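Novice: Questions regarding the structure given below will be posed in turn.
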Amino acid sequence: MPGLKPRPLAEQAKLLRELGFDGIGWSLKPGDGLDLKALDDAGLPLRMAWAMMNVNPAKGPAYNSALPETIRKLKGRPVTVCVLIMGLKSGDPQGMETAVKALRELGDIAAAAGVRISIYHHDGFWAERIPFILEVAKKVNHPQVGFNFNVQHWLKAEGDKDYRPLLRENAAKLFCVAINGATIGAKTWTTGLIRPLDEGDFDNRRLLATLREIGYSGPVGLMCFSIPGDARGHLTRSMKTWKNWREAAGK
């Protein structure tokens with residue numbers, strides 16, 4: 001379920017529904033145009049949502065004051081709220097206390113709404129590398145707080161490692177996955193780290209087999225950021241590839 005801005009949400013939802021996607025991802029940032037009614041009218045669930053968090057008190061509060069109420073409005077929806085954490089250099093221990101406190105707060109709010117919080121690993125952010133994020137999640141120790149696995153950010157920061165042991169050992173806390181076609185060794189989103197599913201040499205089918213092995217049942221999103229050209233064209237190609245993979249796997 002990709003998120004595709006800057007097209008209006010209602011227009012995107014109609015396109016994705018037509019192409020066979022079973023959900024969409026969208027930002028929870030005020031002003032980014034989340035329209036739950038438009039999604040309901042289109043019959044397309046919100047499955048992933050993104051929110052920002054800050055672990056540097058000198059740069060402001062840990063999260064936007066509107067975020068708790070926004071999460072409460074998601075009650076009854078199959079949403080995983082992916083939290084991108086910034087404010088300090090990658091893995092700076094000075095951010096740990098703020099992160100743990102804020103994530104516990106958001107975890108409590110999410111629990112009441114019946115949704116989950118997933119720490120999103122992002123190149124160059126405080127929460128950049130999955131081993132460090134797992135340390136954070138362990139300290140948070142909240143049943144509603146887990147972690148993401150994002151192909152493009154894994155390849156950018158940790159692509160020389162085997163992700164499978166991490167996913168197997170921490171399967172219970174894997175709440176969200178985002179895939180895309182990618183070229184191993186590429187350094188930027190536009191030169192090969194984010195491509196349609198029918199491009200690149202990263203083995204997404206091995207990743208999906210690992211997810212089946214560990215019993216993963218959360219959302220699998222399609223990352224489309226920076227892919228040039230007509231959205232309908234590359235989304236159609238990715239959906240065709242996805243269906244071929246599922247057919248080959250007997251799904």
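Letters A, B, ... go to the chains of the structure tokens in the order shown; residues in each chain start at 1; ligands are counted from 1 in the same order.
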Using only C-alpha atoms, tabulate the residues of segment 83-194 of chain A lying at most 7 Å from any atom of segment 51-68 of chain A, each with its closest atom pair and that distance in Å to one decimal, by chain and increasing residue number, as JSON lines.
Specialist:
{"residue": "A:Val83", "atom": "CA", "partner": "A:Ala51", "partner_atom": "CA", "distance": 5.0}
{"residue": "A:Leu84", "atom": "CA", "partner": "A:Met52", "partner_atom": "CA", "distance": 5.0}
{"residue": "A:Ile85", "atom": "CA", "partner": "A:Met53", "partner_atom": "CA", "distance": 4.7}
{"residue": "A:Met86", "atom": "CA", "partner": "A:Asn54", "partner_atom": "CA", "distance": 5.1}
{"residue": "A:Gly87", "atom": "CA", "partner": "A:Asn56", "partner_atom": "CA", "distance": 4.9}
{"residue": "A:Leu88", "atom": "CA", "partner": "A:Asn56", "partner_atom": "CA", "distance": 6.2}
{"residue": "A:Gly95", "atom": "CA", "partner": "A:Val55", "partner_atom": "CA", "distance": 4.9}
{"residue": "A:Thr98", "atom": "CA", "partner": "A:Val55", "partner_atom": "CA", "distance": 5.5}
{"residue": "A:Ala99", "atom": "CA", "partner": "A:Val55", "partner_atom": "CA", "distance": 5.8}
{"residue": "A:Ala102", "atom": "CA", "partner": "A:Ala62", "partner_atom": "CA", "distance": 6.5}
{"residue": "A:Ile109", "atom": "CA", "partner": "A:Pro68", "partner_atom": "CA", "distance": 6.6}
Novice: So that I can check the secondary structure, give me every residue of segment 46-178 of chain A assigned strand (DSSP E) by backbone DSSP, as a ChimeraX atom specification.
Specialist: /A:46-54,80-86,116-120,145-150,174-178
Novice: Using only C-alpha atoms, determine which residues lie at most 6 Å from segment 149-161 of chain A, disregarding the query and same-chain residues fewer than 3 positions distant; provide the list as a list of chain:residue names.
Specialist: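 The filter keeps A:His122, A:Asp123, A:Val177, A:Ala178, A:Ile179, A:Leu193.
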Novice: Closest to Arg104 of chain A among A:Ile133, A:Ile117, A:Val140, A:Leu208, using only C-alpha atoms?
Specialist: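 Closest candidate: A:Val140.
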Novice: Can you list, as a short mmCIF file (atom, residue, chain, number, x, y, z; two decimals) with C-alpha atoms, in the first residue's frame, every protein, DNA or RNA residue that comes within 12 Å of Leu207 of chain A when you count only C-alpha atoms, leaving out same-chain residues fewer than 3 positions away?
Specialist:
data_model
loop_
_atom_site.label_atom_id
_atom_site.label_comp_id
_atom_site.auth_asym_id
_atom_site.auth_seq_id
_atom_site.Cartn_x
_atom_site.Cartn_y
_atom_site.Cartn_z
CA PHE A 149 11.90 -3.24 8.18
CA ASN A 150 12.32 -0.97 5.13
CA VAL A 151 14.29 -2.38 2.20
CA ASP A 162 22.18 -10.42 6.50
CA TYR A 163 18.82 -9.15 7.76
CA ARG A 164 17.34 -12.61 8.31
CA PRO A 165 18.77 -13.36 11.77
CA LEU A 167 13.96 -10.69 11.73
CA ARG A 168 13.91 -14.27 13.01
CA VAL A 177 7.52 -3.92 6.31
CA ALA A 178 8.11 -1.75 3.24
CA ILE A 179 9.56 -3.21 0.05
CA ASN A 180 10.63 -1.95 -3.37
CA GLY A 181 12.86 -2.95 -6.21
CA PHE A 202 17.69 -7.14 -4.25
CA ASP A 203 15.94 -10.46 -3.61
CA ASN A 204 12.51 -9.40 -2.36
CA THR A 210 11.53 -15.09 5.49
CA LEU A 211 8.40 -13.21 6.52
CA ARG A 212 6.30 -16.32 5.86
CA GLU A 213 8.80 -18.41 7.82
CA ILE A 214 8.51 -16.22 10.93
CA TYR A 216 4.65 -12.24 9.93
CA VAL A 220 3.67 -5.01 3.51
CA TRP A 245 5.27 -13.67 -6.72
#
Novice: Tell me which protein, DNA and RNA residues are within 9 Å of Gly114 of chain A, counting only C-alpha atoms, leaving out same-chain ones fewer than 4 positions away, and put them as a PyMOL selection string.
Specialist: chain A and resi 72+74-79+109-110+144
Novice: Taking 2 positions as the minimum chain separation for residues in the same chain, which residues sit within 8 Å of Gly91 of chain A when counting only C-alpha atoms? Answer as a list in words.
Specialist: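 Near neighbours after the sequence-gap exclusion: Leu88, Lys89, Pro93, Gly95, Trp126, Ala127, Glu128, Arg129 and Phe132 of chain A.
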Novice: Leu9 of chain A: which residues within 8 Å, counting only C-alpha atoms, same-chain residues fewer than 6 positions away excluded, as a PyMOL selection string?
Specialist: chain A and resi 33-35+38-39
Novice: Produce a file of the selected residues containing N, CA and C atoms, as a PDB file, in the first residue's frame.
Specialist:
ATOM      1  N   GLY A  33      -3.150  16.517   4.806  1.00  0.00           N
ATOM      2  CA  GLY A  33      -4.364  16.162   4.092  1.00  0.00           C
ATOM      3  C   GLY A  33      -4.911  14.767   4.314  1.00  0.00           C
ATOM      4  N   LEU A  34      -4.716  14.188   5.513  1.00  0.00           N
ATOM      5  CA  LEU A  34      -5.329  12.889   5.772  1.00  0.00           C
ATOM      6  C   LEU A  34      -6.847  13.058   5.848  1.00  0.00           C
ATOM      7  N   ASP A  35      -7.552  12.385   4.965  1.00  0.00           N
ATOM      8  CA  ASP A  35      -9.006  12.481   4.877  1.00  0.00           C
ATOM      9  C   ASP A  35      -9.574  11.069   4.983  1.00  0.00           C
ATOM     10  N   ALA A  38     -12.564  10.241   2.756  1.00  0.00           N
ATOM     11  CA  ALA A  38     -12.240   9.974   1.353  1.00  0.00           C
ATOM     12  C   ALA A  38     -11.798   8.528   1.171  1.00  0.00           C
ATOM     13  N   LEU A  39     -11.048   8.010   2.139  1.00  0.00           N
ATOM     14  CA  LEU A  39     -10.619   6.616   2.065  1.00  0.00           C
ATOM     15  C   LEU A  39     -11.807   5.674   2.233  1.00  0.00           C
TER      16      LEU A  39
END
Novice: For atom CA of Trp26 of chain A and atom CA of Gly43 of chain A, quote the distance in Å rounded to one decimal.
Specialist: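 Value for the atom CA of Trp26 of chain A-atom CA of Gly43 of chain A distance: 15.4 Å.
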Novice: How many Å lie between atom CA of Ala113 of chain A and atom CA of Gly146 of chain A, rounded to one decimal?
Specialist: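 Result for atom CA of Ala113 of chain A versus atom CA of Gly146 of chain A: 16.1 Å, one decimal.
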